[in-house]
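Colleague: Below is a structure I'd like to ask you about.
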Amino acid sequence: FFQYCLSGHPTLPCNVLKFKSTTIMLDCGLDMTSTLNFLPLPLVQSPRLSKLPGWVLKDGSTFLDKELKECSGHVFVDSVPEFCLPETELLDLSTVDVILISNYHCMMALPYITECTGFTGTVYATEPTVQIGRLLMEELVNSIERVPKAQSASMWKNKEVQRLLPAPLKDAVEVSMWRKCYTMPEVNSALSKIQLVGYSQKIELFGAVQVTPLSSGYALGSSNWIIQSHYEKVSYVSGSSLLTTHPQPMDQASLKNSDVLILTGLTQIPTANPDGMVGEFCSNLAMTVRNGGNVLVPCYPSGVIYDLLECLYQYIDSAGLSNVPFYFISPVANSSLEFSQIFAEWLCHNKQTKVYLPEPPFPHAELIQTNKLKHYPSIHGDFSNDFKQPCVVFTGHPSLRFGDVVHFMELWGKSSLNTVIFTEPDFSYLDALAPYQPLAMKCVYCPIDTRLNFIQVSKLLKEVQPLHVVCPEQYTQPPPTQSHRTDLMIDCQPPAMSYRRAEVLTLPYKRRYEKIEIMPDLADSLVPLEIKPGISLATVSAVLHTKDNKHVLQLPPKPPQPPASKKRKRVSDDVPECRSLKPLLSGSIPVDQFVQTLEKHGFSDVKVEDTAKGHIVLLQEAETLIQLEEDSTHIICDNDEPLRVKLRDLVLKFLQKF
Amino acid sequence: VSRVFCWCAGAGQDVGRSCILVSIAGKNVMLDCGMHMGYNDDRRFPDFSYITQNGRLTDFLDCVIISHFHLDHCGALPYFSEMVGYDGPIYMTHPTKAICPILLEDYRKITVDKKGETNFFTSQMIKDCMKKVVAVHLHQTVQVDEELEIKAYYAGHVLGAAMFQIKVGCESVVYTGDYNMTPDRHLGAAWIDKCRPDLLISESTYATTIRDSKRCRERDFLKKVHETVERGGKVLIPVFALGRAQELCILLETFWERMNLKAPIYFSTGLTEKANHYYKLFITWTNQKIRKTFVQRNMFEFKHIKAFDRAFADNPGPMVVFATPGMLHAGQSLQIFRKWAGNEKNMVIMPGYCVQGTVGHKILSGQRKLEMEGRQILEVKMQVEYMSFSAHADAKGIMQLIRQAEPRNVLLVHGEAKKMEFLKQKIEQEFHVSCYMPANGETTTILTNPCIPVDISLGLLKRETAIGPLPDAKKPKLMHGTLLMKDNSFRLVSPEQALKELGLAEHQLRFTCRVHIQDPRKEHETVLRVYNHLKGILKDYSVQHLPDGSITVESILIQATAHSEDQGTKVLLVSWTYQDEELGSYLTSLLKKGLPQSTP
């Protein structure tokens, strides 16, 4: 039982589990923080960005000035942005049998795995995960492909060159593994390999392992996974939330009795309270708009945005914002809003109840109906006609490196009336803003991360009591910037086993048993014997059939009748065909009773002699002696088979068979 | 051997009042709790006294499962849970849970408000009843208790319709509810995996029908509607608010669009708009095409179909009206029917099955003079058409489902006895499984042979599998183990481990036989002869001649001594343990026959 750790990012995990002859990949998150090292992709020609000076080395050499640009003290790669893939060298990914996806944020590397490694297995995910995951991928591909970039920089990746670069480029890891974005055909092909599953559905893998998704409470269709055989249980907890937002609550009870619990995807902002952040978001938004400024909210097209819209729905009238237009701009904005309304079964109780009425579960339906919220595929087209300021714009990408958000940063960055509010926790907002500096625009950081914090984790672990906890190394020590906060780490007994990128862990458990089925006719033939109070036993001689990792015991076939041919038998015909094992024996033989039994069966000349360890029973006429000791019996006789068999059976009557 | 019992409180050789009680491995499950459209007296609900004679329903039943929202499957539920009294869990899918209370309320209104019946369940009872409902996802394994689990499969019949697998240990029953094996304009086809249940309880509404292609039926339907409208007639289509109604609406909507027709299409009752909302919100339960395109165009937003007002019925000119209920047994469809029946230009199209006793059933069986309330006679001059649009599996579909699930027994319900008989024979012939068709009140007992799951020690299993497959498949290898049974846990371990675990010592039983052989040669020569003899015969065994002059055959030891009195006789001592009994016994008898003369 091994765990191969292919990603070092604790919230974008990618692990491979070797569990009983199956190879299971748990999530394939794509680390997009690498894009922060690149220049933004402007939708409209940006004079500012195109005029940036090339970067010159300390010694004055300029061979990198085409690839690297300097912008307000930082150096950026001027190229198509690239992503940091999960490790592909640690094991042969074509041997992966299945991939289990826990939520739509953790599947963004899927096309790289399924399309580029010889993968031939199946991917399992819930329907909302697949649908929304598709939207996220579509948006990503779209926002990168619509700004064709002639240049694909590679010189700076040379190890010798990278050494000379300023931080953070100098310290960027695995740059040789960074890849350009996949294409839509690759996305479609990857998604076609997914099989849809529902919560608490038991999925058999090759008869050896059963996997089950459980509600994790974090996002629409988000799941934790149970991977179990009859005797061992691994829980994979990834991106879970105990807060009541829109998704179905987390199923904690089913995680109990785990041998190993793999814990990933905790909150990235353990010190921030999501409710407080939402409050701050609303008040900053209202203040900016009241002062005549615009608000930009860089966001993903699904997830927290639903909750934000719901808060605003309740907030705008009381805050006097009813006339302020809200724009949601994304190539998948319409789809995301529509899809959110059709997953009743994956929603929290309150929202389900609304569907039963029947009403749309999310109030953004009403915001759209009343024209307060408008959505557009991009800034081009209808939007430019409808656009009114001051307004609030929700758009991607949260990294500020591509997507329509780049345009609004360029457009609104110069005015201190405007505000950009960061709600997504995946990117450092300072790094995200770096290529736009200097900025006059206000920047507010309200990261909303509903995933488990360390207090909730310790409660959860107390509740479900796993034998062992496995987690990314980041969770076993306080955050580097707050090294005194020992409360911001996992505290459990025995201490959690930690992993880091490109490591292989041996998981600590051992199997002793396996499941086998006894066929009914065989079961009927068994003769149970009570050996101790409450304990019975029966000896089983049966034929073992193993197929698809399932074992079945069947009644042995009846010995074939000897053919009635008159052919002369040869001696060798009688040789016992296979060594059929006799059961083991146990017990002891009380000599007096044994002698009585012998006499009852017609032996009249029984004589008993005592020895150091027991007795010798003599049958004088038959010249036979039987040595009886506590744990052994020895019958010594002439070659008189009927006599021997008779004695054997009499002895066996006193012994138990095993 | 254990047994599965099945008892029909309704739907036994009948359509309507579906209610089947199944007892499996000591667990009692009620499948559906429907009403009968053909009755207005006590017979409309299942007779629960059969169960209550043994005590409270809650104590007796482990759970209730509702397959879909049609009233003949859930209409008696509030009566059952609130009036007779049941507090246990009731399982249904999310769409069923959403829609079921609305139809129940509708049913209550018609019965109490319009017909003035008392002693019927109230609105509050419907609400209280629905609080006991647990919604299930497709394919989710719901653990009802530690042993009993249920799982829903897509059935296609109406929005949210499901088939249910009920499983205890190795034993299982599948109940299909109503299902449809061919995808239609808005729903997908029923699907189940090869779950090999001990018993499959299948509906059999269309047991003898092999329906012609759907396309033909649809063309026929459109042609008839079109012709009637062209000649200025009115078309009445009695439907239930949810189900076929949406299917036919999609059909007419696209036809009107294509042909650019102007005659109005109406949909009666406020339920409809609401109904379409359900379809929009539960779009994941519809077919793939609708699901794929819903963002661009929601199929359930109709342009040509408008809400009906009672006054419209008297408007002149052609129109098409969808009105509820579907069997013309009450409500708006019956009112409109009475208004339009006298005019031969008009047409009524019955798109689904009609239960005996309903007006729908009467006109379909050719009756043209109907006695209405107050002894009034209604003469039916309008054209009466029947088109099977009910989304039930036909004979082919039922056979297909049986092929998919591979049940060991089949039991038919929800159909007519004569037709069932035909299908039963067909099933028994083709699949060689027993097929039952109990009448209401009859108990069917099915013998099952559950296998017993046991924990086997990995050591023992590895020892057995390590030897590898046998060269000769005809000689199966035997495996030996000891089954330890303690507090309901079964473990199969090696005999050695069993002894060890129980703290017992092994008792060794050994035999030593003296075999006399006539051979004047020296001892070691005799031994060599014996060795060669055995070696020649026991080809599959390890026969060894040891330096100390003894011979071993596997673990059997043979030693030779000279006879104390007779030098021409040698005594062979053959010694073996009980575990080698067969070989030991064989060796002594072989040696007793003496050595072959020809050997030197």
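We name chains A, B, ... following the order of the structure tokens; residues begin at 1 in each chain, and ligands are numbered from 1 as shown.
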List every residue of region 85-172 of chain B that DSSP, applied to the backbone, labels as helix (DSSP H, G or I), and write the result as a ChimeraX atom specification.

Modeller: /B:85,94-114,123-131

Colleague: Could you save those same residues with N, CA, C and O atoms as a CSV table (one decimal), in the first residue's frame?

Modeller:
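Heads up, here's the output in again.csv:
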chain,number,residue,atom,x,y,z
B,85,GLY,N,-51.5,4.7,10.2
B,85,GLY,CA,-50.5,5.0,11.1
B,85,GLY,C,-49.2,4.3,10.8
B,85,GLY,O,-49.0,3.1,11.1
B,94,HIS,N,-35.9,12.5,-5.6
B,94,HIS,CA,-36.2,13.9,-5.3
B,94,HIS,C,-37.3,14.4,-6.2
B,94,HIS,O,-38.2,15.0,-5.6
B,95,PRO,N,-37.4,14.1,-7.5
B,95,PRO,CA,-38.5,14.7,-8.2
B,95,PRO,C,-39.8,14.1,-7.7
B,95,PRO,O,-40.8,14.8,-7.6
B,96,THR,N,-39.8,12.8,-7.4
B,96,THR,CA,-41.1,12.2,-6.8
B,96,THR,C,-41.5,12.9,-5.6
B,96,THR,O,-42.6,13.2,-5.3
B,97,LYS,N,-40.5,13.2,-4.7
B,97,LYS,CA,-40.8,13.8,-3.4
B,97,LYS,C,-41.3,15.2,-3.7
B,97,LYS,O,-42.2,15.7,-3.0
B,98,ALA,N,-40.9,15.9,-4.7
B,98,ALA,CA,-41.3,17.2,-5.0
B,98,ALA,C,-42.8,17.2,-5.6
B,98,ALA,O,-43.6,18.0,-5.2
B,99,ILE,N,-43.0,16.3,-6.5
B,99,ILE,CA,-44.3,16.3,-7.2
B,99,ILE,C,-45.4,15.6,-6.5
B,99,ILE,O,-46.6,16.0,-6.6
B,100,CYS,N,-45.1,14.5,-5.9
B,100,CYS,CA,-46.0,13.6,-5.2
B,100,CYS,C,-47.1,14.4,-4.3
B,100,CYS,O,-48.3,14.2,-4.5
B,101,PRO,N,-46.6,15.3,-3.5
B,101,PRO,CA,-47.6,16.0,-2.6
B,101,PRO,C,-48.6,16.9,-3.4
B,101,PRO,O,-49.7,17.1,-3.0
B,102,ILE,N,-48.1,17.4,-4.5
B,102,ILE,CA,-49.0,18.2,-5.3
B,102,ILE,C,-50.1,17.4,-6.0
B,102,ILE,O,-51.3,17.8,-5.9
B,103,LEU,N,-49.8,16.2,-6.4
B,103,LEU,CA,-50.8,15.3,-7.0
B,103,LEU,C,-51.7,14.8,-5.9
B,103,LEU,O,-52.9,14.7,-6.1
B,104,LEU,N,-51.2,14.6,-4.8
B,104,LEU,CA,-52.0,14.1,-3.7
B,104,LEU,C,-53.0,15.2,-3.3
B,104,LEU,O,-54.2,14.9,-3.0
B,105,GLU,N,-52.6,16.4,-3.2
B,105,GLU,CA,-53.4,17.5,-2.9
B,105,GLU,C,-54.5,17.7,-3.9
B,105,GLU,O,-55.7,17.9,-3.6
B,106,ASP,N,-54.1,17.5,-5.2
B,106,ASP,CA,-55.1,17.6,-6.3
B,106,ASP,C,-56.2,16.5,-6.1
B,106,ASP,O,-57.4,16.8,-6.3
B,107,TYR,N,-55.7,15.3,-5.8
B,107,TYR,CA,-56.6,14.2,-5.7
B,107,TYR,C,-57.5,14.4,-4.5
B,107,TYR,O,-58.8,14.2,-4.5
B,108,ARG,N,-57.0,15.0,-3.4
B,108,ARG,CA,-57.8,15.2,-2.2
B,108,ARG,C,-58.9,16.3,-2.5
B,108,ARG,O,-60.0,16.1,-2.2
B,109,LYS,N,-58.5,17.3,-3.3
B,109,LYS,CA,-59.4,18.4,-3.6
B,109,LYS,C,-60.6,17.8,-4.4
B,109,LYS,O,-61.8,18.1,-4.1
B,110,ILE,N,-60.3,17.0,-5.4
B,110,ILE,CA,-61.3,16.4,-6.3
B,110,ILE,C,-62.3,15.6,-5.4
B,110,ILE,O,-63.5,15.6,-5.5
B,111,THR,N,-61.7,14.8,-4.5
B,111,THR,CA,-62.5,13.8,-3.8
B,111,THR,C,-63.3,14.6,-2.7
B,111,THR,O,-64.5,14.3,-2.5
B,112,VAL,N,-62.7,15.4,-2.0
B,112,VAL,CA,-63.4,16.1,-0.8
B,112,VAL,C,-64.2,17.3,-1.3
B,112,VAL,O,-65.4,17.4,-1.0
B,113,ASP,N,-63.5,18.2,-2.0
B,113,ASP,CA,-64.2,19.5,-2.3
B,113,ASP,C,-65.3,19.3,-3.4
B,113,ASP,O,-66.3,19.8,-3.3
B,114,LYS,N,-65.0,18.5,-4.4
B,114,LYS,CA,-65.9,18.3,-5.5
B,114,LYS,C,-66.9,17.3,-5.2
B,114,LYS,O,-68.1,17.4,-5.4
B,123,SER,N,-55.1,18.1,4.0
B,123,SER,CA,-53.9,18.7,3.5
B,123,SER,C,-52.8,18.5,4.5
B,123,SER,O,-51.6,18.3,4.2
B,124,GLN,N,-53.1,18.7,5.8
B,124,GLN,CA,-52.1,18.6,6.8
B,124,GLN,C,-51.5,17.2,6.8
B,124,GLN,O,-50.3,17.0,7.0
B,125,MET,N,-52.4,16.2,6.6
B,125,MET,CA,-51.9,14.8,6.6
B,125,MET,C,-50.9,14.6,5.5
B,125,MET,O,-49.9,13.9,5.6
B,126,ILE,N,-51.2,15.2,4.3
B,126,ILE,CA,-50.3,15.1,3.2
B,126,ILE,C,-48.9,15.7,3.6
B,126,ILE,O,-47.8,15.1,3.4
B,127,LYS,N,-49.0,16.8,4.3
B,127,LYS,CA,-47.7,17.5,4.7
B,127,LYS,C,-47.0,16.6,5.7
B,127,LYS,O,-45.8,16.4,5.6
B,128,ASP,N,-47.7,16.1,6.7
B,128,ASP,CA,-47.1,15.2,7.7
B,128,ASP,C,-46.5,14.0,7.1
B,128,ASP,O,-45.4,13.5,7.5
B,129,CYS,N,-47.2,13.4,6.2
B,129,CYS,CA,-46.8,12.2,5.5
B,129,CYS,C,-45.5,12.5,4.8
B,129,CYS,O,-44.5,11.7,4.9
B,130,MET,N,-45.4,13.7,4.1
B,130,MET,CA,-44.2,14.0,3.3
B,130,MET,C,-43.0,14.2,4.2
B,130,MET,O,-41.8,14.1,3.7
B,131,LYS,N,-43.2,14.6,5.4
B,131,LYS,CA,-42.1,14.7,6.4
B,131,LYS,C,-41.4,13.4,6.6
B,131,LYS,O,-40.2,13.4,7.1

Colleague: As a list in words, please: the residues near Pro547 (chain B) (cut-off 12 Å, only C-alpha atoms, same-chain neighbours under 3 positions excluded).

Modeller: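 Returned residues: His524, Val527, Leu528, Gln544, Ser550, Ile551, Thr552 and Gln559 of chain B.
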
Colleague: Grab the residues selected above and save them as an mmCIF file, in the first residue's frame with N, CA and C atoms.

Modeller:
data_model
loop_
_atom_site.group_PDB
_atom_site.id
_atom_site.type_symbol
_atom_site.label_atom_id
_atom_site.label_comp_id
_atom_site.auth_asym_id
_atom_site.auth_seq_id
_atom_site.Cartn_x
_atom_site.Cartn_y
_atom_site.Cartn_z
ATOM 1 N N HIS B 524 19.707 -54.973 2.283
ATOM 2 C CA HIS B 524 19.811 -53.769 1.465
ATOM 3 C C HIS B 524 19.395 -54.021 0.032
ATOM 4 N N VAL B 527 15.662 -53.780 0.085
ATOM 5 C CA VAL B 527 15.262 -52.374 0.128
ATOM 6 C C VAL B 527 15.362 -51.741 -1.266
ATOM 7 N N LEU B 528 16.443 -52.066 -1.971
ATOM 8 C CA LEU B 528 16.607 -51.505 -3.296
ATOM 9 C C LEU B 528 15.486 -51.947 -4.226
ATOM 10 N N GLN B 544 12.236 -41.579 -2.072
ATOM 11 C CA GLN B 544 13.672 -41.399 -1.854
ATOM 12 C C GLN B 544 14.278 -42.565 -1.089
ATOM 13 N N SER B 550 16.732 -46.488 4.778
ATOM 14 C CA SER B 550 15.260 -46.443 4.749
ATOM 15 C C SER B 550 14.781 -45.771 3.466
ATOM 16 N N ILE B 551 13.474 -45.951 3.226
ATOM 17 C CA ILE B 551 12.857 -45.339 2.039
ATOM 18 C C ILE B 551 11.777 -44.381 2.521
ATOM 19 N N THR B 552 11.680 -43.237 1.865
ATOM 20 C CA THR B 552 10.540 -42.374 2.171
ATOM 21 C C THR B 552 9.710 -42.174 0.915
ATOM 22 N N GLN B 559 11.053 -49.004 6.554
ATOM 23 C CA GLN B 559 12.330 -49.590 6.983
ATOM 24 C C GLN B 559 12.219 -51.105 6.870
#

Colleague: Given the choices A:Val260, A:Glu280, A:Val552, A:Leu400, which gets closest to Glu517 (chain A) if the distance is worked out from only C-alpha atoms?

Modeller: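 Among the listed residues, the smallest separation from Glu517 (chain A) belongs to A:Val552.
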
Colleague: Run DSSP on the backbone and tell me which residues of region 286-461 of chain A come out as strand (DSSP E or B); list them as a list in words.

Modeller: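 Filtering region 286-461 of chain A to strand (DSSP E or B) leaves Val295, Leu296, Val297, Pro298, Phe326, Tyr327, Phe328, Ile329, Leu347, Leu373, Lys374, His375, Tyr376, Val392, Val393, Phe394, Thr395, Thr419, Val420, Ile421, Phe422, Lys442, Cys443, Val444 and Tyr445 of chain A.
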
Colleague: Work out how far apart CA of Thr353 (chain A) and CA of Met92 (chain B) are and give it in Å to one decimal.

Modeller: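 Taking CA of Thr353 (chain A) and CA of Met92 (chain B), their separation equals 15.1 Å.
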
Colleague: May I have the residues within 8 Å of Leu31 (chain B) as a ChimeraX atom specification, using only C-alpha atoms and disregarding those fewer than 3 positions away in the same chain?

Modeller: /B:18-22,64-67,175

Colleague: When distances are computed from only C-alpha atoms, which of B:Gln140, B:Ser388, B:Asn343, B:Thr58 shows the smallest separation from chain A?

Modeller: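 Under the stated criterion, the closest residue is B:Gln140.
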
Colleague: Would you mind listing what lies within 6 Å of region 345-360 of chain B as a list of chain:residue names, with only C-alpha atoms counted and same-chain residues fewer than 5 positions away left out?

Modeller: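 Residues meeting the cut-off are B:Gly38, B:Gly233, B:Lys234, B:Val235, B:Leu236, B:Ile237, B:Met327, B:Leu328, B:His329, B:Met382, B:Gln383, B:Val384, B:Glu385, B:Tyr386, B:Met387, B:Ser388, B:Phe389, B:Ser390.
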
Colleague: Give me the residues near Ala167 (chain A) as a ChimeraX atom specification, where near means some atom within 12 Å (using only C-alpha atoms) and where sequence neighbours in that chain fewer than 4 positions away do not count.

Modeller: /A:37,73-76,162-163,171-173

Colleague: Using only C-alpha atoms, can you tell me which of A:Leu296, A:Leu261, A:Leu647, A:Ala208 comes closest to Gln389 (chain A)?

Modeller: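 That would be A:Leu296, the residue with the smallest distance to Gln389 (chain A).
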
Colleague: Please identify all polymer residues within 10 Å of Ile558 (chain B), counting only C-alpha atoms, omitting same-chain residues fewer than 5 positions from it, and present them as a list in words.

Modeller: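 So the residues in contact are Thr512, Cys513, Arg514, Val515, Val527, Val530, Tyr531, His545, Gly549, Ser550, Ile551, Thr552, Val553, Leu572, Leu573, Val574, Ser575, Trp576, Leu587 and Thr588 of chain B.
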
Colleague: Save out the residues we just selected, N, CA, C and O atoms, as a CSV table (one decimal), in the first residue's frame.

Modeller:
chain,number,residue,atom,x,y,z
B,512,THR,N,2.0,-47.7,12.4
B,512,THR,CA,3.1,-48.5,11.8
B,512,THR,C,2.6,-49.9,11.5
B,512,THR,O,2.1,-50.6,12.4
B,513,CYS,N,2.8,-50.3,10.3
B,513,CYS,CA,2.4,-51.6,9.9
B,513,CYS,C,3.6,-52.5,9.5
B,513,CYS,O,4.5,-52.0,8.9
B,514,ARG,N,3.5,-53.7,10.0
B,514,ARG,CA,4.5,-54.7,9.6
B,514,ARG,C,4.1,-55.4,8.3
B,514,ARG,O,3.0,-56.0,8.3
B,515,VAL,N,4.9,-55.3,7.3
B,515,VAL,CA,4.5,-56.0,6.1
B,515,VAL,C,5.6,-57.1,5.8
B,515,VAL,O,6.8,-56.8,5.8
B,527,VAL,N,15.7,-53.8,0.1
B,527,VAL,CA,15.3,-52.4,0.1
B,527,VAL,C,15.4,-51.7,-1.3
B,527,VAL,O,14.5,-51.0,-1.7
B,530,VAL,N,12.5,-52.8,-3.3
B,530,VAL,CA,11.3,-52.1,-2.9
B,530,VAL,C,11.3,-50.7,-3.5
B,530,VAL,O,10.3,-50.2,-4.1
B,531,TYR,N,12.5,-50.1,-3.4
B,531,TYR,CA,12.6,-48.7,-3.9
B,531,TYR,C,12.3,-48.6,-5.3
B,531,TYR,O,11.5,-47.8,-5.8
B,545,HIS,N,15.5,-42.9,-1.4
B,545,HIS,CA,16.2,-43.9,-0.8
B,545,HIS,C,17.3,-43.2,0.1
B,545,HIS,O,18.2,-42.6,-0.4
B,549,GLY,N,19.4,-46.4,4.8
B,549,GLY,CA,18.8,-47.6,4.4
B,549,GLY,C,17.3,-47.6,4.4
B,549,GLY,O,16.7,-48.6,4.0
B,550,SER,N,16.7,-46.5,4.8
B,550,SER,CA,15.3,-46.4,4.7
B,550,SER,C,14.8,-45.8,3.5
B,550,SER,O,15.5,-45.1,2.7
B,551,ILE,N,13.5,-46.0,3.2
B,551,ILE,CA,12.9,-45.3,2.0
B,551,ILE,C,11.8,-44.4,2.5
B,551,ILE,O,11.1,-44.7,3.5
B,552,THR,N,11.7,-43.2,1.9
B,552,THR,CA,10.5,-42.4,2.2
B,552,THR,C,9.7,-42.2,0.9
B,552,THR,O,10.2,-42.1,-0.2
B,553,VAL,N,8.4,-42.2,1.1
B,553,VAL,CA,7.5,-41.8,0.0
B,553,VAL,C,6.7,-40.6,0.6
B,553,VAL,O,6.0,-40.8,1.6
B,572,LEU,N,8.9,-55.3,6.5
B,572,LEU,CA,9.0,-53.9,6.2
B,572,LEU,C,8.1,-53.2,7.2
B,572,LEU,O,6.9,-53.5,7.4
B,573,LEU,N,8.7,-52.2,7.9
B,573,LEU,CA,7.9,-51.4,8.8
B,573,LEU,C,7.5,-50.1,8.0
B,573,LEU,O,8.3,-49.3,7.6
B,574,VAL,N,6.2,-50.0,7.8
B,574,VAL,CA,5.7,-48.8,7.1
B,574,VAL,C,5.0,-47.9,8.1
B,574,VAL,O,4.1,-48.3,8.8
B,575,SER,N,5.5,-46.7,8.2
B,575,SER,CA,5.0,-45.8,9.2
B,575,SER,C,4.5,-44.5,8.7
B,575,SER,O,5.2,-43.8,7.9
B,576,TRP,N,3.3,-44.1,9.0
B,576,TRP,CA,2.7,-42.8,8.5
B,576,TRP,C,1.8,-42.2,9.5
B,576,TRP,O,1.3,-42.8,10.4
B,587,LEU,N,0.1,-47.9,0.3
B,587,LEU,CA,1.4,-48.5,0.3
B,587,LEU,C,1.4,-49.9,0.9
B,587,LEU,O,2.0,-50.8,0.4
B,588,THR,N,0.8,-50.0,2.0
B,588,THR,CA,0.8,-51.4,2.7
B,588,THR,C,0.1,-52.4,1.8
B,588,THR,O,0.6,-53.5,1.7

Colleague: Just want the 8 Å neighbourhood of Leu36 (chain A), counted on only C-alpha atoms, with same-chain residues fewer than 5 positions away dropped. Output as a ChimeraX atom specification.

Modeller: /A:399,401,431-432

Colleague: Would you write out those residues with N, CA and C atoms, as a PDB file, in the first residue's frame?

Modeller:
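As written to disk, selection.pdb reads:
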ATOM      1  N   SER A 399      -6.305  35.206 -11.235  1.00  0.00           N
ATOM      2  CA  SER A 399      -4.859  35.455 -11.255  1.00  0.00           C
ATOM      3  C   SER A 399      -4.545  36.817 -11.883  1.00  0.00           C
ATOM      4  N   ARG A 401      -4.183  37.383 -14.919  1.00  0.00           N
ATOM      5  CA  ARG A 401      -3.235  37.239 -16.018  1.00  0.00           C
ATOM      6  C   ARG A 401      -3.929  37.028 -17.358  1.00  0.00           C
ATOM      7  N   ASP A 431       0.876  39.575  -5.473  1.00  0.00           N
ATOM      8  CA  ASP A 431       1.526  39.049  -6.675  1.00  0.00           C
ATOM      9  C   ASP A 431       0.638  39.255  -7.897  1.00  0.00           C
ATOM     10  N   ALA A 432      -0.676  39.046  -7.697  1.00  0.00           N
ATOM     11  CA  ALA A 432      -1.591  39.204  -8.822  1.00  0.00           C
ATOM     12  C   ALA A 432      -1.546  40.632  -9.347  1.00  0.00           C
TER      13      ALA A 432
END

Colleague: Rank A:Leu17, A:Ile455, A:Met25, A:Ala365 by their smallest atom-to-atom distance to chain B, using only C-alpha atoms, and report the top residue only.

Modeller: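 Comparing A:Leu17, A:Ile455, A:Met25, A:Ala365 against chain B, the winner is A:Ala365.
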
Colleague: Provide the CA of Ile342 (chain A) to CA of Ile283 (chain B) distance in Å, to one decimal place.

Modeller: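 Separation of CA of Ile342 (chain A) and CA of Ile283 (chain B): 6.3 Å.
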
Colleague: A:Leu373, A:Val392, A:Met108, A:Cys348: which is nearest Leu140 (chain A), counting only C-alpha atoms?

Modeller: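 Under the stated criterion, the closest residue is A:Met108.
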